[in-house]
Structure formats: C-alpha cells, structure tokens
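What follows is the content of query-v1.txt, which has compact mmCIF, N, CA, C and O atoms:
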# COMPACT_ATOMS: atom_id res chain seq x y z
N MET A 1 -10.28 -0.38 20.43
CA MET A 1 -9.88 0.96 20.82
C MET A 1 -10.50 1.96 19.85
O MET A 1 -10.23 1.94 18.66
N GLY A 2 -11.35 2.83 20.35
CA GLY A 2 -11.98 3.81 19.49
C GLY A 2 -11.10 5.04 19.31
O GLY A 2 -10.51 5.53 20.26
N LEU A 3 -11.01 5.49 18.10
CA LEU A 3 -10.27 6.71 17.81
C LEU A 3 -11.24 7.88 17.85
O LEU A 3 -12.42 7.73 17.55
N PRO A 4 -10.77 9.08 18.23
CA PRO A 4 -11.66 10.24 18.31
C PRO A 4 -12.32 10.53 16.97
O PRO A 4 -11.68 10.51 15.93
N THR A 5 -13.63 10.77 17.03
CA THR A 5 -14.38 11.10 15.83
C THR A 5 -15.24 12.31 16.10
O THR A 5 -15.49 12.68 17.24
N THR A 6 -15.72 12.92 15.02
CA THR A 6 -16.66 14.02 15.15
C THR A 6 -18.04 13.44 15.39
O THR A 6 -18.24 12.23 15.36
N GLU A 7 -19.03 14.31 15.60
CA GLU A 7 -20.37 13.84 15.91
C GLU A 7 -20.98 13.00 14.79
O GLU A 7 -21.87 12.20 15.01
N ASN A 8 -20.52 13.14 13.55
CA ASN A 8 -21.06 12.35 12.44
C ASN A 8 -20.17 11.16 12.11
O ASN A 8 -20.15 10.67 10.99
N SER A 9 -19.44 10.66 13.11
CA SER A 9 -18.61 9.44 12.99
C SER A 9 -17.43 9.56 12.03
O SER A 9 -16.94 8.56 11.53
N LEU A 10 -16.99 10.76 11.77
CA LEU A 10 -15.79 10.95 10.97
C LEU A 10 -14.64 11.30 11.91
O LEU A 10 -14.84 11.88 12.96
N PRO A 11 -13.41 10.92 11.54
CA PRO A 11 -12.28 11.23 12.41
C PRO A 11 -12.04 12.73 12.50
O PRO A 11 -12.32 13.46 11.55
N THR A 12 -11.51 13.15 13.62
CA THR A 12 -11.12 14.55 13.76
C THR A 12 -9.77 14.76 13.09
O THR A 12 -9.04 13.80 12.83
N ASP A 13 -9.45 16.01 12.81
CA ASP A 13 -8.15 16.29 12.22
C ASP A 13 -7.03 15.86 13.18
O ASP A 13 -6.00 15.34 12.76
N GLU A 14 -7.27 16.00 14.48
CA GLU A 14 -6.27 15.60 15.47
C GLU A 14 -6.07 14.09 15.48
O GLU A 14 -4.94 13.60 15.62
N ALA A 15 -7.14 13.33 15.30
CA ALA A 15 -7.02 11.87 15.26
C ALA A 15 -6.20 11.43 14.04
O ALA A 15 -5.35 10.54 14.14
N ILE A 16 -6.43 12.08 12.91
CA ILE A 16 -5.64 11.77 11.72
C ILE A 16 -4.18 12.15 11.93
O ILE A 16 -3.28 11.39 11.61
N ARG A 17 -3.96 13.31 12.53
CA ARG A 17 -2.59 13.76 12.82
C ARG A 17 -1.88 12.74 13.72
O ARG A 17 -0.72 12.43 13.51
N ASP A 18 -2.59 12.20 14.71
CA ASP A 18 -2.01 11.22 15.63
C ASP A 18 -1.60 9.95 14.89
O ASP A 18 -0.55 9.37 15.17
N VAL A 19 -2.44 9.49 13.95
CA VAL A 19 -2.11 8.29 13.17
C VAL A 19 -0.88 8.54 12.30
O VAL A 19 0.04 7.72 12.24
N ILE A 20 -0.86 9.68 11.63
CA ILE A 20 0.29 10.01 10.77
C ILE A 20 1.56 10.08 11.62
O ILE A 20 2.61 9.55 11.23
N LYS A 21 1.46 10.71 12.78
CA LYS A 21 2.62 10.82 13.66
C LYS A 21 3.15 9.45 14.08
O LYS A 21 4.36 9.22 14.11
N ALA A 22 2.24 8.54 14.35
CA ALA A 22 2.63 7.21 14.81
C ALA A 22 3.14 6.31 13.68
O ALA A 22 3.95 5.42 13.92
N LYS A 23 2.68 6.54 12.45
CA LYS A 23 2.92 5.58 11.38
C LYS A 23 3.82 6.03 10.23
O LYS A 23 4.38 5.20 9.53
N VAL A 24 3.94 7.35 9.98
CA VAL A 24 4.64 7.80 8.78
C VAL A 24 5.94 8.52 9.17
O VAL A 24 5.91 9.54 9.83
N ARG A 25 7.04 7.95 8.69
CA ARG A 25 8.36 8.51 8.98
C ARG A 25 9.05 8.93 7.69
O ARG A 25 8.87 8.31 6.65
N ASP A 26 9.86 9.95 7.79
CA ASP A 26 10.75 10.31 6.68
C ASP A 26 11.86 9.26 6.70
O ASP A 26 12.57 9.14 7.70
N PRO A 27 12.00 8.46 5.64
CA PRO A 27 12.97 7.37 5.67
C PRO A 27 14.43 7.82 5.70
O PRO A 27 15.29 7.04 6.08
N GLU A 28 14.69 9.05 5.35
CA GLU A 28 16.06 9.55 5.40
C GLU A 28 16.42 10.07 6.79
O GLU A 28 17.50 9.82 7.29
N LEU A 29 15.49 10.79 7.41
CA LEU A 29 15.74 11.35 8.74
C LEU A 29 15.28 10.44 9.87
O LEU A 29 15.60 10.68 11.03
N MET A 30 14.49 9.41 9.52
CA MET A 30 13.96 8.45 10.50
C MET A 30 13.18 9.14 11.63
O MET A 30 13.29 8.78 12.79
N MET A 31 12.40 10.13 11.24
CA MET A 31 11.54 10.84 12.19
C MET A 31 10.14 10.94 11.60
O MET A 31 9.99 10.96 10.38
N ASN A 32 9.15 11.02 12.48
CA ASN A 32 7.78 11.14 11.97
C ASN A 32 7.58 12.50 11.30
O ASN A 32 8.21 13.49 11.68
N ILE A 33 6.73 12.53 10.29
CA ILE A 33 6.58 13.74 9.49
C ILE A 33 5.79 14.84 10.19
O ILE A 33 5.87 16.00 9.80
N ILE A 34 5.06 14.50 11.26
CA ILE A 34 4.38 15.54 12.04
C ILE A 34 5.41 16.36 12.80
O ILE A 34 5.41 17.59 12.74
N ASP A 35 6.31 15.68 13.54
CA ASP A 35 7.33 16.41 14.29
C ASP A 35 8.31 17.14 13.37
O ASP A 35 8.90 18.14 13.76
N LEU A 36 8.47 16.64 12.15
CA LEU A 36 9.32 17.34 11.19
C LEU A 36 8.65 18.61 10.67
O LEU A 36 9.30 19.46 10.07
N GLY A 37 7.35 18.75 10.88
CA GLY A 37 6.63 19.94 10.44
C GLY A 37 6.20 19.88 8.99
O GLY A 37 5.96 20.92 8.37
N LEU A 38 6.08 18.67 8.44
CA LEU A 38 5.74 18.54 7.02
C LEU A 38 4.23 18.60 6.76
O LEU A 38 3.82 18.86 5.64
N VAL A 39 3.40 18.36 7.77
CA VAL A 39 1.95 18.41 7.58
C VAL A 39 1.47 19.78 8.07
O VAL A 39 1.60 20.12 9.24
N TYR A 40 0.92 20.55 7.13
CA TYR A 40 0.48 21.91 7.45
C TYR A 40 -0.97 21.97 7.93
O TYR A 40 -1.30 22.70 8.84
N ASN A 41 -1.84 21.20 7.29
CA ASN A 41 -3.26 21.29 7.62
C ASN A 41 -3.97 19.98 7.29
O ASN A 41 -3.61 19.31 6.32
N ILE A 42 -4.96 19.64 8.11
CA ILE A 42 -5.82 18.48 7.85
C ILE A 42 -7.26 18.95 8.04
O ILE A 42 -7.59 19.53 9.08
N GLU A 43 -8.07 18.68 7.05
CA GLU A 43 -9.49 19.04 7.13
C GLU A 43 -10.31 17.82 6.74
O GLU A 43 -10.04 17.18 5.72
N VAL A 44 -11.30 17.50 7.56
CA VAL A 44 -12.21 16.41 7.26
C VAL A 44 -13.54 17.04 6.85
O VAL A 44 -14.11 17.84 7.58
N THR A 45 -14.00 16.70 5.64
CA THR A 45 -15.23 17.30 5.13
C THR A 45 -16.43 16.41 5.39
O THR A 45 -16.30 15.21 5.65
N ALA A 46 -17.60 16.99 5.25
CA ALA A 46 -18.86 16.25 5.42
C ALA A 46 -19.01 15.18 4.34
O ALA A 46 -19.78 14.24 4.50
N GLU A 47 -18.27 15.31 3.26
CA GLU A 47 -18.32 14.34 2.17
C GLU A 47 -17.43 13.13 2.44
O GLU A 47 -17.09 12.39 1.52
N LYS A 48 -17.00 12.97 3.68
CA LYS A 48 -16.17 11.84 4.10
C LYS A 48 -14.81 11.83 3.39
O LYS A 48 -14.31 10.80 2.96
N THR A 49 -14.24 13.03 3.29
CA THR A 49 -12.94 13.19 2.64
C THR A 49 -11.98 13.87 3.61
O THR A 49 -12.35 14.82 4.29
N ALA A 50 -10.76 13.36 3.65
CA ALA A 50 -9.69 14.04 4.40
C ALA A 50 -8.85 14.80 3.39
O ALA A 50 -8.36 14.22 2.42
N GLU A 51 -8.71 16.09 3.61
CA GLU A 51 -7.89 16.95 2.76
C GLU A 51 -6.64 17.28 3.58
O GLU A 51 -6.72 17.97 4.60
N ILE A 52 -5.50 16.75 3.15
CA ILE A 52 -4.25 16.92 3.90
C ILE A 52 -3.30 17.78 3.07
O ILE A 52 -2.92 17.41 1.96
N THR A 53 -2.94 18.94 3.63
CA THR A 53 -1.99 19.83 2.98
C THR A 53 -0.65 19.63 3.64
O THR A 53 -0.52 19.74 4.87
N MET A 54 0.34 19.30 2.83
CA MET A 54 1.66 19.01 3.38
C MET A 54 2.75 19.42 2.40
O MET A 54 2.47 19.82 1.27
N THR A 55 3.97 19.31 2.85
CA THR A 55 5.12 19.61 2.02
C THR A 55 6.16 18.52 2.22
O THR A 55 5.92 17.54 2.93
N LEU A 56 7.29 18.69 1.60
CA LEU A 56 8.43 17.79 1.78
C LEU A 56 9.63 18.65 2.17
O LEU A 56 9.57 19.88 2.07
N THR A 57 10.70 18.03 2.60
CA THR A 57 11.87 18.82 3.02
C THR A 57 12.51 19.56 1.86
O THR A 57 13.16 20.57 2.05
N SER A 58 12.31 19.06 0.62
CA SER A 58 12.80 19.76 -0.57
C SER A 58 12.00 19.27 -1.78
O SER A 58 11.49 18.15 -1.77
N PRO A 59 11.91 20.10 -2.83
CA PRO A 59 11.17 19.68 -4.02
C PRO A 59 11.73 18.40 -4.66
O PRO A 59 10.99 17.63 -5.25
N GLY A 60 13.00 18.15 -4.51
CA GLY A 60 13.61 16.96 -5.10
C GLY A 60 13.73 15.79 -4.14
O GLY A 60 14.48 14.86 -4.40
N CYS A 61 12.99 15.83 -3.07
CA CYS A 61 13.07 14.77 -2.04
C CYS A 61 12.82 13.40 -2.67
O CYS A 61 11.73 13.13 -3.17
N PRO A 62 13.84 12.52 -2.66
CA PRO A 62 13.66 11.21 -3.29
C PRO A 62 12.63 10.34 -2.58
O PRO A 62 12.07 9.43 -3.18
N ALA A 63 12.35 10.62 -1.32
CA ALA A 63 11.37 9.83 -0.56
C ALA A 63 9.96 10.40 -0.67
O ALA A 63 9.02 9.83 -0.12
N GLY A 64 9.80 11.49 -1.39
CA GLY A 64 8.50 12.16 -1.50
C GLY A 64 7.35 11.25 -1.89
O GLY A 64 6.34 11.19 -1.17
N PRO A 65 7.46 10.52 -3.01
CA PRO A 65 6.35 9.64 -3.39
C PRO A 65 6.02 8.59 -2.32
O PRO A 65 4.85 8.30 -2.06
N GLN A 66 7.03 8.05 -1.68
CA GLN A 66 6.83 7.06 -0.63
C GLN A 66 6.09 7.67 0.56
O GLN A 66 5.16 7.08 1.11
N ILE A 67 6.50 8.86 0.98
CA ILE A 67 5.87 9.53 2.12
C ILE A 67 4.40 9.82 1.82
O ILE A 67 3.51 9.55 2.64
N ILE A 68 4.12 10.36 0.65
CA ILE A 68 2.74 10.69 0.27
C ILE A 68 1.88 9.43 0.24
O ILE A 68 0.76 9.42 0.76
N THR A 69 2.40 8.36 -0.35
CA THR A 69 1.66 7.09 -0.42
C THR A 69 1.38 6.57 0.98
O THR A 69 0.28 6.09 1.26
N GLU A 70 2.34 6.67 1.88
CA GLU A 70 2.16 6.18 3.25
C GLU A 70 1.11 7.00 4.00
O GLU A 70 0.33 6.44 4.77
N VAL A 71 1.10 8.31 3.80
CA VAL A 71 0.08 9.14 4.45
C VAL A 71 -1.30 8.69 4.02
O VAL A 71 -2.19 8.49 4.86
N GLN A 72 -1.49 8.50 2.72
CA GLN A 72 -2.78 8.04 2.22
C GLN A 72 -3.13 6.66 2.76
O GLN A 72 -4.24 6.44 3.26
N LYS A 73 -2.22 5.73 2.67
CA LYS A 73 -2.45 4.35 3.09
C LYS A 73 -2.80 4.26 4.58
O LYS A 73 -3.78 3.63 4.97
N GLU A 74 -1.98 4.88 5.41
CA GLU A 74 -2.20 4.79 6.86
C GLU A 74 -3.48 5.48 7.29
O GLU A 74 -4.18 5.01 8.19
N THR A 75 -3.82 6.59 6.64
CA THR A 75 -5.07 7.28 6.97
C THR A 75 -6.27 6.44 6.56
O THR A 75 -7.22 6.29 7.34
N HIS A 76 -6.22 5.86 5.36
CA HIS A 76 -7.32 4.98 4.91
C HIS A 76 -7.47 3.77 5.83
O HIS A 76 -8.58 3.38 6.17
N GLU A 77 -6.36 3.15 6.22
CA GLU A 77 -6.42 1.96 7.06
C GLU A 77 -6.99 2.28 8.44
O GLU A 77 -7.77 1.51 8.99
N ALA A 78 -6.59 3.40 9.00
CA ALA A 78 -7.05 3.77 10.34
C ALA A 78 -8.51 4.23 10.35
O ALA A 78 -9.21 4.06 11.33
N PHE A 79 -8.94 4.81 9.23
CA PHE A 79 -10.28 5.39 9.15
C PHE A 79 -11.00 4.93 7.88
O PHE A 79 -11.14 5.69 6.93
N PRO A 80 -11.45 3.69 7.86
CA PRO A 80 -12.11 3.16 6.66
C PRO A 80 -13.40 3.90 6.30
O PRO A 80 -13.88 3.79 5.18
N GLU A 81 -13.95 4.67 7.24
CA GLU A 81 -15.16 5.44 6.95
C GLU A 81 -14.90 6.60 6.00
O GLU A 81 -15.83 7.16 5.42
N LEU A 82 -13.63 6.97 5.83
CA LEU A 82 -13.30 8.02 4.86
C LEU A 82 -13.35 7.44 3.45
O LEU A 82 -12.78 6.39 3.18
N GLU A 83 -14.02 8.15 2.57
CA GLU A 83 -14.11 7.69 1.19
C GLU A 83 -12.88 8.10 0.38
O GLU A 83 -12.50 7.41 -0.56
N GLU A 84 -12.28 9.24 0.75
CA GLU A 84 -11.10 9.71 0.04
C GLU A 84 -10.11 10.35 1.01
O GLU A 84 -10.51 10.94 2.01
N VAL A 85 -8.84 10.23 0.68
CA VAL A 85 -7.78 10.94 1.38
C VAL A 85 -6.99 11.66 0.28
O VAL A 85 -6.31 11.02 -0.53
N ASN A 86 -7.14 12.96 0.22
CA ASN A 86 -6.48 13.76 -0.80
C ASN A 86 -5.27 14.48 -0.23
O ASN A 86 -5.38 15.15 0.80
N ILE A 87 -4.15 14.34 -0.90
CA ILE A 87 -2.92 15.01 -0.48
C ILE A 87 -2.71 16.23 -1.37
O ILE A 87 -2.72 16.11 -2.60
N HIS A 88 -2.53 17.37 -0.75
CA HIS A 88 -2.25 18.61 -1.48
C HIS A 88 -0.81 19.00 -1.14
O HIS A 88 -0.54 19.43 -0.01
N LEU A 89 0.07 18.81 -2.09
CA LEU A 89 1.49 19.13 -1.88
C LEU A 89 1.70 20.60 -2.16
O LEU A 89 1.28 21.11 -3.20
N THR A 90 2.32 21.29 -1.23
CA THR A 90 2.55 22.72 -1.39
C THR A 90 4.00 23.06 -1.06
O THR A 90 4.66 22.34 -0.31
N TRP A 91 4.47 24.15 -1.61
CA TRP A 91 5.82 24.64 -1.31
C TRP A 91 5.74 26.01 -0.64
O TRP A 91 6.73 26.70 -0.51
N THR A 92 4.52 26.40 -0.23
CA THR A 92 4.31 27.68 0.42
C THR A 92 3.62 27.47 1.75
O THR A 92 2.48 26.99 1.74
N PRO A 93 4.22 27.74 2.86
CA PRO A 93 5.61 28.21 2.95
C PRO A 93 6.58 27.05 2.69
O PRO A 93 6.25 25.89 2.92
N PHE A 94 7.75 27.42 2.22
CA PHE A 94 8.78 26.44 1.96
C PHE A 94 9.27 25.89 3.29
O PHE A 94 9.51 26.65 4.23
N TRP A 95 9.41 24.57 3.41
CA TRP A 95 9.81 23.96 4.67
C TRP A 95 11.21 24.40 5.08
O TRP A 95 12.10 24.56 4.24
N ASN A 96 11.39 24.58 6.38
CA ASN A 96 12.73 24.83 6.93
C ASN A 96 12.78 24.21 8.33
O ASN A 96 11.74 23.92 8.92
N PRO A 97 13.97 23.99 8.87
CA PRO A 97 14.10 23.31 10.17
C PRO A 97 13.38 23.99 11.33
O PRO A 97 13.06 23.35 12.32
N ASP A 98 13.08 25.28 11.20
CA ASP A 98 12.35 25.97 12.27
C ASP A 98 10.94 25.42 12.45
O ASP A 98 10.30 25.63 13.48
N MET A 99 10.44 24.70 11.45
CA MET A 99 9.08 24.15 11.51
C MET A 99 9.01 22.85 12.32
O MET A 99 7.92 22.38 12.62
N MET A 100 10.14 22.31 12.68
CA MET A 100 10.17 21.06 13.44
C MET A 100 9.78 21.30 14.89
O MET A 100 9.98 22.39 15.42
N SER A 101 9.24 20.26 15.52
CA SER A 101 8.93 20.34 16.94
C SER A 101 10.25 20.45 17.72
O SER A 101 11.32 20.12 17.21
N GLU A 102 10.14 20.89 18.96
CA GLU A 102 11.34 21.00 19.79
C GLU A 102 12.00 19.63 19.98
O GLU A 102 13.21 19.51 20.00
N GLU A 103 11.15 18.58 20.11
CA GLU A 103 11.68 17.23 20.28
C GLU A 103 12.48 16.80 19.05
O GLU A 103 13.54 16.18 19.17
N ALA A 104 11.97 17.11 17.86
CA ALA A 104 12.67 16.74 16.62
C ALA A 104 13.99 17.49 16.50
O ALA A 104 15.01 16.91 16.13
N LYS A 105 13.96 18.78 16.83
CA LYS A 105 15.20 19.57 16.77
C LYS A 105 16.24 19.00 17.71
O LYS A 105 17.42 18.87 17.35
N GLU A 106 15.80 18.65 18.90
CA GLU A 106 16.70 18.10 19.90
C GLU A 106 17.29 16.77 19.42
O GLU A 106 18.50 16.54 19.52
N GLU A 107 16.44 15.91 18.85
CA GLU A 107 16.90 14.60 18.40
C GLU A 107 17.90 14.73 17.25
O GLU A 107 18.84 13.94 17.16
N LEU A 108 17.72 15.73 16.41
CA LEU A 108 18.64 15.93 15.28
C LEU A 108 19.81 16.84 15.62
O LEU A 108 20.65 17.10 14.79
N GLY A 109 19.83 17.35 16.86
CA GLY A 109 20.94 18.20 17.28
C GLY A 109 20.88 19.61 16.71
O GLY A 109 21.90 20.25 16.54
N ILE A 110 19.66 20.11 16.44
CA ILE A 110 19.48 21.47 15.92
C ILE A 110 19.05 22.34 17.08
O ILE A 110 18.02 22.10 17.70
N PHE A 111 19.84 23.37 17.33
CA PHE A 111 19.52 24.26 18.46
C PHE A 111 19.35 25.68 18.02
O PHE A 111 19.85 26.12 17.07
As structure tokens:
Amino acid sequence: MGLPTTENSLPTDEAIRDVIKAKVRDPELMMNIIDLGLVYNIEVTAEKTAEITMTLTSPGCPAGPQIITEVQKETHEAFPELEEVNIHLTWTPFWNPDMMSEEAKEELGIF
C-alpha cells in the first residue's frame, strides 16, 4: 500500500498527519492527538526532514514525553525515507478544548 508522497518521493504533510491520527493517542484521554488538536503544523523539507509543531494539553502533561516519542517513532516507521523527524513543542497558542475536532468533542461529551 503506497502512502501519498510529493513528487520527490517524500511524504506529504497530510500523509504524516494520517499516520499520526491512526497511531498516536493521548493515553489519558484515549483519543488520537490529531482530533484532540495537538498537532499545529507539519512541514516536509527538501532535506528529507519532517518538522512537526505541536503542543500538549498542559505544560505538566505526564504523558508528554511518551506522546512526543510516539510521534517521532510512528513517523519514522511509516516513512523511512525521512532522515529526521523534529518535534517543536509550543505553548502558543495554548491548547484548549475548542481546538478539538467535532468528533472528539462529541466523544468526550463537550458541547
């Protein structure tokens, strides 16, 4: 099964987003981090690097290191052509429940 790639055989940002959505969950909320709104931006560079800007639900999130490690691991496994997967943790904007997808809000009972 081929995953979407750019013309130079690198994955698209959407392909990486799809892998993260399928594979990386917040272990406390048991939801994927894409629907939670934790991934802000993904950029794939010509240097075969994925630059992923993301946040956590709070600065003291005990699952933070695990989530970051899983994003890197799953992206590397799905796209071995990438030489690096860099995670840029940001607190701007600060995460809030409004950033979740409608499906995530519904599943968690947030209206």
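Secondary structure from DSSP on the backbone puts strand (DSSP E) at the following positions of region 6-85 of chain A: Arg25, Asp26, Met31, Asn32, Val39, Tyr40, Asn41, Ile42, Glu43, Val44, Thr49, Ala50, Glu51, Ile52, Thr53, Met54, Glu84 and Val85 of chain A.
Residues with at least one atom no more than 7 Å from (-10.2, 12.2, 1.2), using all atoms listed in the file, are Glu43, Glu47, Lys48, Thr49, Ala50, Glu51, Ile52, Leu82, Glu83, Glu84, Val85, Asn86 and Ile87 of chain A.
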Given the choices A:Gly37, A:Pro97, A:Pro80, A:Pro62, which gets closest to Ser9 (chain A) if the distance is worked out from only N, CA, C and O atoms?
->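 Under the stated criterion, the closest residue is A:Pro80.
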Have a look at CA of Glu81 (chain A) and atom O of Leu10 (chain A) and let me know their distance in Å, one decimal.
->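 Going from CA of Glu81 (chain A) over to atom O of Leu10 (chain A), I get 8.8 Å.
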Could you work out an axis-aligned box for region 92-99 of chain A, taking every atom the file lists and adding 6 Å on each side, and report centre and edge lengths in Å to one decimal, as AutoDock Vina command-line options?
--center_x 8.3 --center_y 25.3 --center_z 6.6 --size_x 23.6 --size_y 17.8 --size_z 25.7
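Of the residues listed (A:Trp95, A:Val24, A:Leu29, A:Asp18), A:Leu29 shows the shortest atom-to-atom separation from Glu107 (chain A); distances use all atoms listed in the file.
In this comparison, which uses only C-alpha atoms, the residue of A:Ala78, A:Glu102, A:Thr53, A:Val19 approaching Thr90 (chain A) most closely is A:Thr53.
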So which residues fall inside 8 Å of (1.0, 12.5, 10.4) if we count only C-alpha atoms? Mind giving them as a PyMOL selection string?
-> chain A and resi 16-24+32-34+39+71
note - atom N of Trp91 (chain A) and atom C of Thr55 (chain A) are separated by 7.0 Å
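Atom O of Ile42 (chain A) is found 28.3 Å from atom O of Glu106 (chain A).
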Rank nothing, just name the residue among A:Gly64, A:Ala15, A:Leu38, A:Pro27 nearest to His88 (chain A), using all atoms listed in the file.
->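 Using all atoms listed in the file, His88 (chain A) sits closest to A:Leu38.
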Out of region 62-96 of chain A, which residues get alpha helix (DSSP H) from DSSP, as a count of residues only?
-> 15
Quick one: everything within 7 Å of Ile67 (chain A), counting all atoms listed in the file, minus sequence neighbours fewer than 6 positions away in the same chain. Send it as a list of chain:residue names.
-> A:Val24, A:Arg25, A:Asp26, A:Lys73
Output file for the residues above (N, CA, C and O atoms, as a PDB file, keeping the file's coordinate frame):
ATOM      1  N   VAL A  24       3.940   7.350   9.980  1.00  0.00           N
ATOM      2  CA  VAL A  24       4.640   7.800   8.780  1.00  0.00           C
ATOM      3  C   VAL A  24       5.940   8.520   9.170  1.00  0.00           C
ATOM      4  O   VAL A  24       5.910   9.540   9.830  1.00  0.00           O
ATOM      5  N   ARG A  25       7.040   7.950   8.690  1.00  0.00           N
ATOM      6  CA  ARG A  25       8.360   8.510   8.980  1.00  0.00           C
ATOM      7  C   ARG A  25       9.050   8.930   7.690  1.00  0.00           C
ATOM      8  O   ARG A  25       8.870   8.310   6.650  1.00  0.00           O
ATOM      9  N   ASP A  26       9.860   9.950   7.790  1.00  0.00           N
ATOM     10  CA  ASP A  26      10.750  10.310   6.680  1.00  0.00           C
ATOM     11  C   ASP A  26      11.860   9.260   6.700  1.00  0.00           C
ATOM     12  O   ASP A  26      12.570   9.140   7.700  1.00  0.00           O
ATOM     13  N   LYS A  73      -2.220   5.730   2.670  1.00  0.00           N
ATOM     14  CA  LYS A  73      -2.450   4.350   3.090  1.00  0.00           C
ATOM     15  C   LYS A  73      -2.800   4.260   4.580  1.00  0.00           C
ATOM     16  O   LYS A  73      -3.780   3.630   4.970  1.00  0.00           O
TER      17      LYS A  73
END
All heavy atoms for region 42-49 of chain A, written as a PDB file, in the frame of the given file, could you do that?
ATOM      1  N   ILE A  42      -4.960  19.640   8.110  1.00  0.00           N
ATOM      2  CA  ILE A  42      -5.820  18.480   7.850  1.00  0.00           C
ATOM      3  C   ILE A  42      -7.260  18.950   8.040  1.00  0.00           C
ATOM      4  O   ILE A  42      -7.590  19.530   9.080  1.00  0.00           O
ATOM      5  CB  ILE A  42      -5.512  17.310   8.810  1.00  0.00           C
ATOM      6  CG1 ILE A  42      -4.070  16.837   8.633  1.00  0.00           C
ATOM      7  CG2 ILE A  42      -6.501  16.163   8.574  1.00  0.00           C
ATOM      8  CD1 ILE A  42      -3.623  15.813   9.658  1.00  0.00           C
ATOM      9  N   GLU A  43      -8.070  18.680   7.050  1.00  0.00           N
ATOM     10  CA  GLU A  43      -9.490  19.040   7.130  1.00  0.00           C
ATOM     11  C   GLU A  43     -10.310  17.820   6.740  1.00  0.00           C
ATOM     12  O   GLU A  43     -10.040  17.180   5.720  1.00  0.00           O
ATOM     13  CB  GLU A  43      -9.798  20.198   6.191  1.00  0.00           C
ATOM     14  CG  GLU A  43     -11.226  20.647   6.242  1.00  0.00           C
ATOM     15  CD  GLU A  43     -11.525  21.771   5.266  1.00  0.00           C
ATOM     16  OE1 GLU A  43     -10.586  22.400   4.756  1.00  0.00           O
ATOM     17  OE2 GLU A  43     -12.711  21.999   5.006  1.00  0.00           O
ATOM     18  N   VAL A  44     -11.300  17.500   7.560  1.00  0.00           N
ATOM     19  CA  VAL A  44     -12.210  16.410   7.260  1.00  0.00           C
ATOM     20  C   VAL A  44     -13.540  17.040   6.850  1.00  0.00           C
ATOM     21  O   VAL A  44     -14.110  17.840   7.580  1.00  0.00           O
ATOM     22  CB  VAL A  44     -12.408  15.476   8.474  1.00  0.00           C
ATOM     23  CG1 VAL A  44     -13.389  14.365   8.133  1.00  0.00           C
ATOM     24  CG2 VAL A  44     -11.073  14.897   8.912  1.00  0.00           C
ATOM     25  N   THR A  45     -14.000  16.700   5.640  1.00  0.00           N
ATOM     26  CA  THR A  45     -15.230  17.300   5.130  1.00  0.00           C
ATOM     27  C   THR A  45     -16.430  16.410   5.390  1.00  0.00           C
ATOM     28  O   THR A  45     -16.300  15.210   5.650  1.00  0.00           O
ATOM     29  CB  THR A  45     -15.113  17.529   3.601  1.00  0.00           C
ATOM     30  OG1 THR A  45     -15.157  16.262   2.932  1.00  0.00           O
ATOM     31  CG2 THR A  45     -13.835  18.272   3.245  1.00  0.00           C
ATOM     32  N   ALA A  46     -17.600  16.990   5.250  1.00  0.00           N
ATOM     33  CA  ALA A  46     -18.860  16.250   5.420  1.00  0.00           C
ATOM     34  C   ALA A  46     -19.010  15.180   4.340  1.00  0.00           C
ATOM     35  O   ALA A  46     -19.780  14.240   4.500  1.00  0.00           O
ATOM     36  CB  ALA A  46     -20.043  17.213   5.376  1.00  0.00           C
ATOM     37  N   GLU A  47     -18.270  15.310   3.260  1.00  0.00           N
ATOM     38  CA  GLU A  47     -18.320  14.340   2.170  1.00  0.00           C
ATOM     39  C   GLU A  47     -17.430  13.130   2.440  1.00  0.00           C
ATOM     40  O   GLU A  47     -17.090  12.390   1.520  1.00  0.00           O
ATOM     41  CB  GLU A  47     -17.924  15.005   0.841  1.00  0.00           C
ATOM     42  CG  GLU A  47     -18.916  16.030   0.341  1.00  0.00           C
ATOM     43  CD  GLU A  47     -18.802  17.368   1.063  1.00  0.00           C
ATOM     44  OE1 GLU A  47     -17.696  17.742   1.518  1.00  0.00           O
ATOM     45  OE2 GLU A  47     -19.838  18.043   1.199  1.00  0.00           O
ATOM     46  N   LYS A  48     -17.000  12.970   3.680  1.00  0.00           N
ATOM     47  CA  LYS A  48     -16.170  11.840   4.100  1.00  0.00           C
ATOM     48  C   LYS A  48     -14.810  11.830   3.390  1.00  0.00           C
ATOM     49  O   LYS A  48     -14.310  10.800   2.960  1.00  0.00           O
ATOM     50  CB  LYS A  48     -16.892  10.508   3.865  1.00  0.00           C
ATOM     51  CG  LYS A  48     -18.170  10.366   4.646  1.00  0.00           C
ATOM     52  CD  LYS A  48     -18.810   9.036   4.415  1.00  0.00           C
ATOM     53  CE  LYS A  48     -20.084   8.930   5.232  1.00  0.00           C
ATOM     54  NZ  LYS A  48     -20.728   7.650   5.067  1.00  0.00           N
ATOM     55  N   THR A  49     -14.240  13.030   3.290  1.00  0.00           N
ATOM     56  CA  THR A  49     -12.940  13.190   2.640  1.00  0.00           C
ATOM     57  C   THR A  49     -11.980  13.870   3.610  1.00  0.00           C
ATOM     58  O   THR A  49     -12.350  14.820   4.290  1.00  0.00           O
ATOM     59  CB  THR A  49     -13.095  14.058   1.367  1.00  0.00           C
ATOM     60  OG1 THR A  49     -14.001  13.413   0.487  1.00  0.00           O
ATOM     61  CG2 THR A  49     -11.779  14.259   0.667  1.00  0.00           C
TER      62      THR A  49
END
